[in-house]
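Coordinates as given in model_39.pdb (PDB, C-alpha atoms):
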```pdb
MODEL        1
ATOM      1  CA  MET A   1       0.000   0.000   0.000
ATOM      2  CA  HIS A   2       1.206   3.487  -0.854
ATOM      3  CA  HIS A   3       1.593   5.995   2.008
ATOM      4  CA  PRO A   4       1.866   9.700   0.961
ATOM      5  CA  ALA A   5       3.565  10.657   4.253
ATOM      6  CA  ASN A   6       6.290   8.057   3.741
ATOM      7  CA  THR A   7       6.800   9.180   0.162
ATOM      8  CA  THR A   8       7.222  12.806   1.278
ATOM      9  CA  GLU A   9       9.676  11.751   3.954
ATOM     10  CA  HIS A  10      11.591   9.660   1.454
ATOM     11  CA  GLU A  11      11.722  12.562  -1.008
ATOM     12  CA  GLU A  12      12.975  14.871   1.729
ATOM     13  CA  ILE A  13      15.774  12.458   2.630
ATOM     14  CA  HIS A  14      16.637  12.217  -1.061
ATOM     15  CA  VAL A  15      16.763  16.036  -1.420
ATOM     16  CA  ILE A  16      18.905  16.393   1.716
ATOM     17  CA  ALA A  17      21.352  13.761   0.440
ATOM     18  CA  LYS A  18      21.570  15.540  -2.919
ATOM     19  CA  ARG A  19      22.187  18.895  -1.253
ATOM     20  CA  GLN A  20      24.940  17.381   0.863
ATOM     21  CA  ARG A  21      26.517  15.887  -2.257
ATOM     22  CA  ILE A  22      26.371  19.273  -4.025
ATOM     23  CA  GLY A  23      27.968  20.930  -0.977
ATOM     24  CA  VAL A  24      30.804  18.401  -0.815
ATOM     25  CA  ILE A  25      31.479  18.563  -4.594
ATOM     26  CA  LEU A  26      31.578  22.383  -4.567
ATOM     27  CA  LEU A  27      33.798  22.350  -1.487
ATOM     28  CA  LEU A  28      36.214  19.883  -3.120
ATOM     29  CA  PHE A  29      36.298  22.067  -6.234
ATOM     30  CA  PHE A  30      37.111  25.221  -4.231
ATOM     31  CA  THR A  31      39.606  23.369  -2.035
ATOM     32  CA  LEU A  32      41.436  22.205  -5.165
ATOM     33  CA  ALA A  33      41.655  25.788  -6.487
ATOM     34  CA  TYR A  34      42.712  27.095  -3.051
ATOM     35  CA  ALA A  35      45.272  24.339  -2.444
ATOM     36  CA  SER A  36      46.779  24.954  -5.907
ATOM     37  CA  PHE A  37      47.172  28.633  -5.046
ATOM     38  CA  ILE A  38      48.818  27.935  -1.696
ATOM     39  CA  GLY A  39      50.978  25.229  -3.331
ATOM     40  CA  LEU A  40      52.186  27.611  -6.033
ATOM     41  CA  CYS A  41      52.888  30.334  -3.477
ATOM     42  CA  THR A  42      54.879  27.873  -1.376
ATOM     43  CA  PHE A  43      56.772  25.850  -3.983
ATOM     44  CA  ALA A  44      56.843  28.134  -7.041
ATOM     45  CA  TYR A  45      57.059  31.543  -5.405
ATOM     46  CA  GLU A  46      59.393  33.078  -7.998
ATOM     47  CA  TRP A  47      57.243  31.925 -10.911
ATOM     48  CA  ILE A  48      53.890  33.040  -9.497
ATOM     49  CA  THR A  49      55.189  36.435  -8.374
ATOM     50  CA  GLN A  50      56.936  37.227 -11.645
ATOM     51  CA  THR A  51      54.368  35.947 -14.142
ATOM     52  CA  LYS A  52      51.906  38.559 -15.342
ATOM     53  CA  ILE A  53      48.489  38.253 -16.958
ATOM     54  CA  ALA A  54      47.433  41.399 -18.867
ATOM     55  CA  GLY A  55      49.916  43.392 -16.804
ATOM     56  CA  ILE A  56      48.576  42.104 -13.483
ATOM     57  CA  PRO A  57      50.819  39.829 -11.380
ATOM     58  CA  LEU A  58      49.498  36.244 -11.359
ATOM     59  CA  THR A  59      49.541  36.259  -7.557
ATOM     60  CA  VAL A  60      47.068  39.141  -7.383
ATOM     61  CA  ALA A  61      44.955  37.837 -10.296
ATOM     62  CA  TYR A  62      44.745  34.336  -8.784
ATOM     63  CA  GLY A  63      44.044  35.667  -5.265
ATOM     64  CA  VAL A  64      41.298  38.055  -6.360
ATOM     65  CA  GLY A  65      40.007  35.278  -8.635
ATOM     66  CA  LEU A  66      39.692  32.983  -5.598
ATOM     67  CA  ILE A  67      37.734  35.659  -3.733
ATOM     68  CA  LEU A  68      35.348  36.003  -6.685
ATOM     69  CA  LEU A  69      35.206  32.208  -7.075
ATOM     70  CA  SER A  70      34.084  31.820  -3.463
ATOM     71  CA  LEU A  71      31.166  34.175  -4.160
ATOM     72  CA  VAL A  72      30.280  32.222  -7.315
ATOM     73  CA  VAL A  73      30.448  28.900  -5.423
ATOM     74  CA  ALA A  74      28.202  30.282  -2.651
ATOM     75  CA  MET A  75      25.638  31.534  -5.181
ATOM     76  CA  LEU A  76      25.810  28.286  -7.136
ATOM     77  CA  TYR A  77      25.138  26.285  -3.976
ATOM     78  CA  GLY A  78      22.121  28.466  -3.191
ATOM     79  CA  LEU A  79      20.806  28.113  -6.733
ATOM     80  CA  LEU A  80      21.324  24.342  -7.011
ATOM     81  CA  SER A  81      19.884  23.710  -3.544
ATOM     82  CA  ARG A  82      16.783  25.712  -4.398
ATOM     83  CA  THR A  83      16.104  24.088  -7.751
ATOM     84  CA  ARG A  84      16.621  20.593  -6.340
ATOM     85  CA  SER A  85      14.350  21.042  -3.315
TER      86      SER A  85
ATOM     87  CA  MET B   1      53.790  57.765  20.461
ATOM     88  CA  ILE B   2      51.733  60.442  22.231
ATOM     89  CA  TYR B   3      48.093  60.770  21.225
ATOM     90  CA  THR B   4      45.667  63.563  21.976
ATOM     91  CA  SER B   5      42.025  62.644  22.301
ATOM     92  CA  SER B   6      39.442  64.345  20.124
ATOM     93  CA  SER B   7      36.143  65.399  21.690
ATOM     94  CA  LEU B   8      34.310  64.557  18.465
ATOM     95  CA  ALA B   9      35.768  61.028  18.537
ATOM     96  CA  ILE B  10      34.676  60.602  22.167
ATOM     97  CA  ILE B  11      31.133  61.827  21.362
ATOM     98  CA  VAL B  12      30.812  59.467  18.357
ATOM     99  CA  PHE B  13      32.181  56.577  20.424
ATOM    100  CA  LEU B  14      29.763  57.264  23.300
ATOM    101  CA  VAL B  15      26.767  57.609  20.943
ATOM    102  CA  MET B  16      27.639  54.288  19.294
ATOM    103  CA  VAL B  17      28.186  52.489  22.603
ATOM    104  CA  LEU B  18      25.059  53.866  24.298
ATOM    105  CA  GLY B  19      22.992  53.204  21.166
ATOM    106  CA  THR B  20      24.106  49.581  20.865
ATOM    107  CA  VAL B  21      23.760  48.877  24.609
ATOM    108  CA  ALA B  22      20.245  50.407  24.611
ATOM    109  CA  LEU B  23      19.331  48.340  21.529
ATOM    110  CA  SER B  24      20.771  45.283  23.251
ATOM    111  CA  PHE B  25      18.660  45.759  26.409
ATOM    112  CA  TYR B  26      15.537  46.413  24.324
ATOM    113  CA  LEU B  27      16.057  43.251  22.224
ATOM    114  CA  GLY B  28      17.057  41.289  25.329
ATOM    115  CA  SER B  29      13.678  42.029  26.922
ATOM    116  CA  LYS B  30      11.997  40.412  23.897
ATOM    117  CA  ALA B  31      14.006  37.150  23.966
ATOM    118  CA  LYS B  32      11.979  34.705  26.090
ATOM    119  CA  SER B  33      13.339  31.290  25.084
ATOM    120  CA  SER B  34      16.552  29.425  24.267
ATOM    121  CA  ALA B  35      15.700  29.673  20.569
ATOM    122  CA  GLY B  36      15.259  33.426  20.978
ATOM    123  CA  TYR B  37      18.547  33.794  22.862
ATOM    124  CA  PHE B  38      20.802  31.483  20.838
ATOM    125  CA  ALA B  39      19.235  31.671  17.366
ATOM    126  CA  ALA B  40      17.304  34.958  17.476
ATOM    127  CA  GLY B  41      14.130  32.890  17.086
ATOM    128  CA  GLY B  42      15.075  32.334  13.443
ATOM    129  CA  GLU B  43      13.476  35.694  12.661
ATOM    130  CA  ILE B  44      16.439  37.767  11.482
ATOM    131  CA  PRO B  45      15.836  38.943   7.873
ATOM    132  CA  TRP B  46      18.310  37.460   5.364
ATOM    133  CA  PHE B  47      19.644  40.880   4.383
ATOM    134  CA  VAL B  48      20.436  41.804   8.008
ATOM    135  CA  ASN B  49      21.998  38.386   8.567
ATOM    136  CA  GLY B  50      24.160  38.726   5.451
ATOM    137  CA  ILE B  51      25.497  42.149   6.430
ATOM    138  CA  ALA B  52      26.010  40.858   9.994
ATOM    139  CA  PHE B  53      28.140  38.014   8.601
ATOM    140  CA  ALA B  54      30.180  40.567   6.675
ATOM    141  CA  GLY B  55      30.491  42.599   9.880
ATOM    142  CA  ASP B  56      31.687  39.517  11.705
ATOM    143  CA  TYR B  57      34.364  38.920   9.094
ATOM    144  CA  LEU B  58      35.406  42.583   9.029
ATOM    145  CA  SER B  59      36.528  42.398  12.642
ATOM    146  CA  ALA B  60      39.444  44.227  14.205
ATOM    147  CA  ALA B  61      41.661  41.184  13.735
ATOM    148  CA  SER B  62      40.742  40.467  10.128
ATOM    149  CA  PHE B  63      40.030  43.928   8.722
ATOM    150  CA  LEU B  64      42.808  45.872  10.441
ATOM    151  CA  GLY B  65      45.126  42.875  10.642
ATOM    152  CA  ILE B  66      44.943  42.076   6.933
ATOM    153  CA  CYS B  67      45.334  45.761   5.952
ATOM    154  CA  GLY B  68      48.353  46.010   8.244
ATOM    155  CA  MET B  69      49.879  42.777   6.954
ATOM    156  CA  ILE B  70      49.477  43.862   3.320
ATOM    157  CA  ALA B  71      50.976  47.278   4.184
ATOM    158  CA  PHE B  72      53.998  45.697   5.885
ATOM    159  CA  TYR B  73      54.506  42.440   4.001
ATOM    160  CA  GLY B  74      52.813  43.018   0.645
ATOM    161  CA  PHE B  75      51.607  39.870  -1.070
ATOM    162  CA  ASP B  76      52.525  37.609   1.870
ATOM    163  CA  GLY B  77      49.894  39.472   3.901
ATOM    164  CA  PHE B  78      47.313  39.206   1.126
ATOM    165  CA  LEU B  79      47.488  35.392   1.322
ATOM    166  CA  TYR B  80      45.785  35.457   4.733
ATOM    167  CA  SER B  81      42.702  37.288   3.464
ATOM    168  CA  ILE B  82      41.761  34.359   1.217
ATOM    169  CA  GLY B  83      41.897  31.904   4.110
ATOM    170  CA  TYR B  84      38.908  33.650   5.732
ATOM    171  CA  LEU B  85      36.799  33.055   2.631
ATOM    172  CA  ALA B  86      37.869  29.420   2.381
ATOM    173  CA  GLY B  87      36.777  28.880   6.002
ATOM    174  CA  TRP B  88      33.455  30.577   5.366
ATOM    175  CA  LEU B  89      32.723  28.251   2.441
ATOM    176  CA  VAL B  90      33.352  25.175   4.624
ATOM    177  CA  ALA B  91      30.766  26.506   7.082
ATOM    178  CA  LEU B  92      28.275  27.244   4.302
ATOM    179  CA  LEU B  93      28.622  24.066   2.266
ATOM    180  CA  VAL B  94      28.975  21.317   4.860
ATOM    181  CA  ILE B  95      28.069  22.660   8.325
ATOM    182  CA  ALA B  96      25.240  25.238   8.161
ATOM    183  CA  GLU B  97      22.407  23.128   6.770
ATOM    184  CA  PRO B  98      22.957  19.929   8.813
ATOM    185  CA  LEU B  99      23.279  22.096  11.934
ATOM    186  CA  LYS B 100      19.991  23.849  11.175
ATOM    187  CA  ARG B 101      18.253  20.555  10.423
ATOM    188  CA  LEU B 102      19.350  19.056  13.744
ATOM    189  CA  GLY B 103      17.761  22.032  15.514
ATOM    190  CA  LYS B 104      20.782  22.571  17.734
ATOM    191  CA  TYR B 105      22.232  25.954  18.621
ATOM    192  CA  THR B 106      25.941  25.168  18.772
ATOM    193  CA  PHE B 107      28.318  22.938  16.828
ATOM    194  CA  ALA B 108      29.180  21.038  20.024
ATOM    195  CA  ASP B 109      25.463  20.336  20.683
ATOM    196  CA  ALA B 110      25.000  19.064  17.120
ATOM    197  CA  LEU B 111      27.990  16.714  17.385
ATOM    198  CA  ALA B 112      26.894  15.468  20.793
ATOM    199  CA  SER B 113      23.329  14.722  19.605
ATOM    200  CA  LYS B 114      24.598  12.936  16.505
ATOM    201  CA  PHE B 115      27.248  10.754  18.146
ATOM    202  CA  GLN B 116      26.004  10.555  21.768
ATOM    203  CA  SER B 117      29.557  10.675  23.062
ATOM    204  CA  SER B 118      30.788  12.594  26.078
ATOM    205  CA  GLY B 119      34.331  12.455  24.646
ATOM    206  CA  ILE B 120      33.212  14.263  21.490
ATOM    207  CA  ARG B 121      31.305  16.812  23.567
ATOM    208  CA  SER B 122      34.401  17.460  25.696
ATOM    209  CA  ALA B 123      36.660  17.736  22.644
ATOM    210  CA  ALA B 124      34.221  20.163  20.965
ATOM    211  CA  GLY B 125      33.934  22.241  24.141
ATOM    212  CA  LEU B 126      37.695  22.337  24.614
ATOM    213  CA  SER B 127      38.415  23.269  20.990
ATOM    214  CA  THR B 128      35.716  25.996  21.178
ATOM    215  CA  LEU B 129      37.444  27.485  24.205
ATOM    216  CA  VAL B 130      40.916  27.280  22.651
ATOM    217  CA  VAL B 131      39.778  28.753  19.317
ATOM    218  CA  SER B 132      37.798  31.503  21.100
ATOM    219  CA  LEU B 133      40.830  32.376  23.193
ATOM    220  CA  VAL B 134      43.172  32.526  20.206
ATOM    221  CA  TYR B 135      40.568  34.525  18.262
ATOM    222  CA  LEU B 136      39.804  36.867  21.156
ATOM    223  CA  ILE B 137      43.394  37.905  21.867
ATOM    224  CA  PRO B 138      43.972  39.696  18.502
ATOM    225  CA  GLN B 139      40.464  41.203  18.756
ATOM    226  CA  MET B 140      41.280  42.663  22.137
ATOM    227  CA  VAL B 141      44.734  43.790  21.014
ATOM    228  CA  GLY B 142      43.028  45.535  18.059
ATOM    229  CA  ALA B 143      40.449  47.125  20.378
ATOM    230  CA  GLY B 144      43.109  48.379  22.786
ATOM    231  CA  ALA B 145      45.256  49.713  19.950
ATOM    232  CA  LEU B 146      42.251  51.508  18.410
ATOM    233  CA  VAL B 147      40.940  53.068  21.601
ATOM    234  CA  LYS B 148      44.398  54.415  22.477
ATOM    235  CA  PRO B 149      44.607  57.060  19.708
ATOM    236  CA  LEU B 150      40.831  57.520  19.476
ATOM    237  CA  LEU B 151      40.036  58.311  23.112
ATOM    238  CA  GLY B 152      43.496  59.004  24.519
ATOM    239  CA  LEU B 153      43.190  56.133  27.023
ATOM    240  CA  GLN B 154      45.848  53.684  28.179
ATOM    241  CA  TYR B 155      46.101  50.442  26.230
ATOM    242  CA  TRP B 156      44.858  48.268  29.109
ATOM    243  CA  GLN B 157      41.958  50.661  29.735
ATOM    244  CA  GLY B 158      40.884  50.241  26.106
ATOM    245  CA  VAL B 159      40.982  46.445  26.394
ATOM    246  CA  VAL B 160      38.943  46.454  29.634
ATOM    247  CA  LEU B 161      36.452  49.028  28.292
ATOM    248  CA  VAL B 162      35.779  47.310  24.963
ATOM    249  CA  GLY B 163      35.786  43.841  26.569
ATOM    250  CA  SER B 164      33.183  44.928  29.134
ATOM    251  CA  ILE B 165      30.939  46.518  26.494
ATOM    252  CA  VAL B 166      31.065  43.384  24.331
ATOM    253  CA  VAL B 167      30.228  41.136  27.307
ATOM    254  CA  VAL B 168      27.241  43.346  28.261
ATOM    255  CA  ILE B 169      25.894  43.386  24.682
ATOM    256  CA  VAL B 170      26.205  39.623  24.173
ATOM    257  CA  VAL B 171      24.951  38.554  27.621
ATOM    258  CA  THR B 172      21.882  40.817  27.666
ATOM    259  CA  ALA B 173      20.244  39.641  24.444
ATOM    260  CA  GLY B 174      22.350  36.866  22.910
ATOM    261  CA  MET B 175      22.180  36.372  19.185
ATOM    262  CA  VAL B 176      19.551  39.054  18.509
ATOM    263  CA  SER B 177      21.642  41.946  19.770
ATOM    264  CA  THR B 178      24.884  40.380  18.516
ATOM    265  CA  THR B 179      23.436  40.116  15.005
ATOM    266  CA  TYR B 180      22.061  43.668  14.969
ATOM    267  CA  VAL B 181      25.287  45.098  16.385
ATOM    268  CA  GLN B 182      27.251  43.197  13.734
ATOM    269  CA  PHE B 183      24.784  44.468  11.117
ATOM    270  CA  LEU B 184      25.418  48.072  12.195
ATOM    271  CA  LYS B 185      29.168  47.522  12.280
ATOM    272  CA  GLY B 186      29.232  45.679   8.950
ATOM    273  CA  GLY B 187      27.053  48.293   7.256
ATOM    274  CA  LEU B 188      29.207  51.172   8.505
ATOM    275  CA  LEU B 189      32.433  49.379   7.552
ATOM    276  CA  VAL B 190      31.236  48.510   4.055
ATOM    277  CA  LEU B 191      29.942  52.067   3.513
ATOM    278  CA  PHE B 192      33.061  53.847   4.764
ATOM    279  CA  SER B 193      35.426  51.373   3.089
ATOM    280  CA  LEU B 194      33.644  52.245  -0.142
ATOM    281  CA  VAL B 195      34.065  55.981   0.582
ATOM    282  CA  LEU B 196      37.748  55.425   1.370
ATOM    283  CA  THR B 197      38.270  53.361  -1.791
ATOM    284  CA  VAL B 198      36.676  56.070  -3.946
ATOM    285  CA  MET B 199      38.832  58.745  -2.247
ATOM    286  CA  VAL B 200      42.013  56.700  -2.790
ATOM    287  CA  LEU B 201      41.171  55.848  -6.418
ATOM    288  CA  ASN B 202      40.352  59.512  -6.976
ATOM    289  CA  ARG B 203      44.041  60.246  -6.448
ATOM    290  CA  GLY B 204      44.846  58.037  -9.412
ATOM    291  CA  LEU B 205      46.799  54.818  -9.721
ATOM    292  CA  THR B 206      50.252  56.402  -9.689
ATOM    293  CA  ARG B 207      52.499  57.612  -6.903
ATOM    294  CA  SER B 208      54.404  60.881  -6.756
ATOM    295  CA  GLU B 209      58.219  60.805  -6.535
ATOM    296  CA  GLY B 210      58.074  61.774  -2.859
ATOM    297  CA  GLU B 211      55.601  58.998  -1.999
ATOM    298  CA  ALA B 212      57.659  56.444  -3.906
ATOM    299  CA  ARG B 213      60.824  57.437  -2.006
ATOM    300  CA  THR B 214      59.182  57.283   1.420
ATOM    301  CA  SER B 215      57.457  53.972   0.720
ATOM    302  CA  SER B 216      58.534  51.259   3.109
ATOM    303  CA  ASP B 217      57.987  48.634   0.420
ATOM    304  CA  GLY B 218      61.649  48.330  -0.493
ATOM    305  CA  PRO B 219      63.030  50.251  -3.468
ATOM    306  CA  ALA B 220      60.765  52.711  -5.239
ATOM    307  CA  THR B 221      59.276  50.454  -7.888
ATOM    308  CA  ASP B 222      57.824  52.383 -10.786
ATOM    309  CA  HIS B 223      54.357  51.039 -11.628
ATOM    310  CA  ARG B 224      53.431  53.896 -13.939
ATOM    311  CA  ARG B 225      52.039  53.131 -17.325
TER     312      ARG B 225
ENDMDL
END
```
Could you express the structure from this file as structure tokens?
Amino acid sequence: MHHPANTTEHEEIHVIAKRQRIGVILLLFFTLAYASFIGLCTFAYEWITQTKIAGIPLTVAYGVGLILLSLVVAMLYGLLSRTRS
Amino acid sequence: MIYTSSSLAIIVFLVMVLGTVALSFYLGSKAKSSAGYFAAGGEIPWFVNGIAFAGDYLSAASFLGICGMIAFYGFDGFLYSIGYLAGWLVALLVIAEPLKRLGKYTFADALASKFQSSGIRSAAGLSTLVVSLVYLIPQMVGAGALVKPLLGLQYWQGVVLVGSIVVVIVVTAGMVSTTYVQFLKGGLLVLFSLVLTVMVLNRGLTRSEGEARTSSDGPATDHRR
């Protein structure tokens, strides 16, 4: 026999699991970008400080890019969580 | 260094302090339950909460500390500013929603209810205390250092004064007053940072010969295009 309450509960669990998966994937993506930045600053300091992109040092471009990326990731999480709920 | 206090600075400081303490007592009288005290009853508008988060991040330690580190150490100081954002994303993506769903007010409570372990509760409590202590010291150093030139007080007097005000605000109304105080602080900081940025950019992107010579950032590098 089909129970609507159980179905709703099951759907909710499914949505929560999906949201958690989205959160973890986005976090892994940002962590990869962040760890690459810290890795370059630690092990390739000369290269990252002397390379320029459109006249802007790569260090500054990458750092500001990470700040903007964090905003994009936060908005993306909000958007994906909303559409999947 | 000898500082002279400005009466205007003292008046602005007193207006801000009395205003926030009065707001805190007013909001405190409205908080009647644990949910009201620890989670503001879940009734803070998203816009206020967002600005309050920004205010929290633009604290004395982060805002002044990062500016100071960039001024003294250049790019090496800039690295630290990105760490704050990385930490915020961890909280947003993997902690905030499960914590809300569990209906608990603190991270330690959520862990304890999930794992039913007194060891985990103790570890969470201990790490909260250690992190708070390490976080609080630069905040208080920043407060003392700010009050010194602003009000002409001794360093220790600034620390005691600001520490007492913060304790009163937080204890009287919990998260409601804390959020609204952070909202005020965040809003003012964002607004005046914007004003300052416009004023600085208004001077152009080049330095005069005199400024380049007196710069502490090593030799006078010419960035002019």
Subject >> For CA of Tyr77 (chain A) and CA of Leu27 (chain A), the interatomic separation in Å (one decimal) >> reply: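 CA of Leu27 (chain A) lies 9.8 Å from CA of Tyr77 (chain A).
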**OP:** Name every residue that the PyMOL selection byres ((chain B) within 12 of (chain A)) selects in this structure, writing the answer as JSON, numbers by chain with chains first and numbers rising.
**Re:** {"B": [70, 74, 75, 76, 77, 78, 79, 80, 81, 82, 83, 84, 85, 86, 87, 88, 89, 90, 91, 92, 93, 94, 95, 96, 97, 98, 101, 223, 224, 225]}
Take the residues from that selection and put them in a file with C-alpha atoms, as a short mmCIF file (atom, residue, chain, number, x, y, z; two decimals), in the coordinates of the input.
```cif
data_model
loop_
_atom_site.label_atom_id
_atom_site.label_comp_id
_atom_site.auth_asym_id
_atom_site.auth_seq_id
_atom_site.Cartn_x
_atom_site.Cartn_y
_atom_site.Cartn_z
CA ILE B 70 49.48 43.86 3.32
CA GLY B 74 52.81 43.02 0.64
CA PHE B 75 51.61 39.87 -1.07
CA ASP B 76 52.52 37.61 1.87
CA GLY B 77 49.89 39.47 3.90
CA PHE B 78 47.31 39.21 1.13
CA LEU B 79 47.49 35.39 1.32
CA TYR B 80 45.78 35.46 4.73
CA SER B 81 42.70 37.29 3.46
CA ILE B 82 41.76 34.36 1.22
CA GLY B 83 41.90 31.90 4.11
CA TYR B 84 38.91 33.65 5.73
CA LEU B 85 36.80 33.06 2.63
CA ALA B 86 37.87 29.42 2.38
CA GLY B 87 36.78 28.88 6.00
CA TRP B 88 33.46 30.58 5.37
CA LEU B 89 32.72 28.25 2.44
CA VAL B 90 33.35 25.18 4.62
CA ALA B 91 30.77 26.51 7.08
CA LEU B 92 28.28 27.24 4.30
CA LEU B 93 28.62 24.07 2.27
CA VAL B 94 28.98 21.32 4.86
CA ILE B 95 28.07 22.66 8.32
CA ALA B 96 25.24 25.24 8.16
CA GLU B 97 22.41 23.13 6.77
CA PRO B 98 22.96 19.93 8.81
CA ARG B 101 18.25 20.56 10.42
CA HIS B 223 54.36 51.04 -11.63
CA ARG B 224 53.43 53.90 -13.94
CA ARG B 225 52.04 53.13 -17.32
#
```
Subject >> Neighbour list for Tyr180 (chain B) as a list of chain:residue names, cut-off 8 Å, all atoms listed in the file, skip fewer than 4 positions in-chain >> reply: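 Here the qualifying residues turn out to be B:Val48, B:Ala52, B:Val176, B:Leu184.
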**OP:** Quick one: everything within 9 Å of Val190 (chain B), counting only C-alpha atoms, minus sequence neighbours fewer than 3 positions away in the same chain. Send it as a list in words.
**Re:** Ile51, Ala54, Gly55, Leu58, Lys185, Gly186, Gly187, Ser193, Leu194 and Val195 of chain B
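Going from CA of Ser177 (chain B) to CA of Ser24 (chain B) covers 4.9 Å.
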Original post:
Near Thr178 (chain B), counting only C-alpha atoms, which residues have an atom at most 12 Å away, once you skip same-chain residues fewer than 6 positions from it, shown as an NGL selection string?
Top reply: :B and (20-21 or 23-25 or 27-28 or 37-40 or 44 or 48-49 or 52-53 or 55-56 or 165-172 or 184-186)
Original post:
Between CA of Lys100 (chain B) and CA of Lys32 (chain B), what is the spacing in Å?
Top reply: 20.1 Å
**OP:** For the file shown, report as a ChimeraX atom specification the outcome of the PyMOL selection byres ((chain B and resi 106) around 12) at residue level.
**Re:** /B:34-35,38-39,95-96,98-100,102-105,107-113,121,124-125,128,175
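For Gln139 (chain B), the non-local neighbours within 12 Å, defined as residues at least 4 positions apart in the same chain or in other chains and counting all atoms listed in the file, are Asp56, Tyr57, Leu58, Ser59, Ala60, Ala61, Ser62, Phe63, Leu64, Gly65, Ser132, Leu133, Val134, Tyr135, Ala143, Gly144, Ala145, Leu146, Gly158, Val159, Val162, Gly163 and Val166 of chain B.
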Original post:
Care to translate the PyMOL selection byres ((chain B and resi 10) around 12) into actual residues of this file, as a PyMOL selection string?
Top reply: chain B and resi 4-9+11-18+147-153
If the box runs along x, y and z of the file and leaves 6 Å on each side of region 70-78 of chain A, what are its centre and edge lengths in Å, one decimal, as lines of an AutoDock Vina configuration file?
```
center_x = 28.1
center_y = 30.2
center_z = -5.0
size_x = 24.0
size_y = 19.9
size_z = 16.7
```
Any chance you could build region 35-46 of chain B out to N, CA, C and O atoms and write it as a PDB file, in the frame of the given file?
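Result file is part.pdb:
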```
ATOM      1  N   ALA B  35      15.642  29.410  22.013  1.00  0.00           N
ATOM      2  CA  ALA B  35      15.700  29.673  20.569  1.00  0.00           C
ATOM      3  C   ALA B  35      15.836  31.170  20.306  1.00  0.00           C
ATOM      4  O   ALA B  35      16.542  31.590  19.396  1.00  0.00           O
ATOM      5  N   GLY B  36      15.171  31.972  21.132  1.00  0.00           N
ATOM      6  CA  GLY B  36      15.259  33.426  20.978  1.00  0.00           C
ATOM      7  C   GLY B  36      16.643  33.932  21.334  1.00  0.00           C
ATOM      8  O   GLY B  36      17.181  34.833  20.688  1.00  0.00           O
ATOM      9  N   TYR B  37      17.240  33.330  22.384  1.00  0.00           N
ATOM     10  CA  TYR B  37      18.547  33.794  22.862  1.00  0.00           C
ATOM     11  C   TYR B  37      19.684  33.321  21.956  1.00  0.00           C
ATOM     12  O   TYR B  37      20.541  34.106  21.572  1.00  0.00           O
ATOM     13  N   PHE B  38      19.675  32.037  21.596  1.00  0.00           N
ATOM     14  CA  PHE B  38      20.802  31.483  20.838  1.00  0.00           C
ATOM     15  C   PHE B  38      20.659  31.605  19.326  1.00  0.00           C
ATOM     16  O   PHE B  38      21.655  31.614  18.611  1.00  0.00           O
ATOM     17  N   ALA B  39      19.425  31.645  18.825  1.00  0.00           N
ATOM     18  CA  ALA B  39      19.235  31.671  17.366  1.00  0.00           C
ATOM     19  C   ALA B  39      18.326  32.805  16.918  1.00  0.00           C
ATOM     20  O   ALA B  39      17.829  32.793  15.797  1.00  0.00           O
ATOM     21  N   ALA B  40      18.131  33.787  17.789  1.00  0.00           N
ATOM     22  CA  ALA B  40      17.304  34.958  17.476  1.00  0.00           C
ATOM     23  C   ALA B  40      15.918  34.546  16.996  1.00  0.00           C
ATOM     24  O   ALA B  40      15.273  35.263  16.223  1.00  0.00           O
ATOM     25  N   GLY B  41      15.451  33.380  17.455  1.00  0.00           N
ATOM     26  CA  GLY B  41      14.130  32.890  17.086  1.00  0.00           C
ATOM     27  C   GLY B  41      13.985  32.582  15.608  1.00  0.00           C
ATOM     28  O   GLY B  41      12.882  32.363  15.115  1.00  0.00           O
ATOM     29  N   GLY B  42      15.095  32.587  14.887  1.00  0.00           N
ATOM     30  CA  GLY B  42      15.075  32.334  13.443  1.00  0.00           C
ATOM     31  C   GLY B  42      14.342  33.428  12.681  1.00  0.00           C
ATOM     32  O   GLY B  42      13.827  33.190  11.592  1.00  0.00           O
ATOM     33  N   GLU B  43      14.281  34.636  13.278  1.00  0.00           N
ATOM     34  CA  GLU B  43      13.476  35.694  12.661  1.00  0.00           C
ATOM     35  C   GLU B  43      14.297  36.859  12.108  1.00  0.00           C
ATOM     36  O   GLU B  43      13.749  37.922  11.812  1.00  0.00           O
ATOM     37  N   ILE B  44      15.610  36.675  12.022  1.00  0.00           N
ATOM     38  CA  ILE B  44      16.439  37.767  11.482  1.00  0.00           C
ATOM     39  C   ILE B  44      16.287  37.763   9.953  1.00  0.00           C
ATOM     40  O   ILE B  44      16.471  36.721   9.324  1.00  0.00           O
ATOM     41  N   PRO B  45      15.958  38.917   9.340  1.00  0.00           N
ATOM     42  CA  PRO B  45      15.836  38.943   7.873  1.00  0.00           C
ATOM     43  C   PRO B  45      17.168  38.585   7.198  1.00  0.00           C
ATOM     44  O   PRO B  45      18.236  38.892   7.743  1.00  0.00           O
ATOM     45  N   TRP B  46      17.098  37.946   6.035  1.00  0.00           N
ATOM     46  CA  TRP B  46      18.310  37.460   5.364  1.00  0.00           C
ATOM     47  C   TRP B  46      19.285  38.595   5.064  1.00  0.00           C
ATOM     48  O   TRP B  46      20.505  38.419   5.160  1.00  0.00           O
TER      49      TRP B  46
END
```
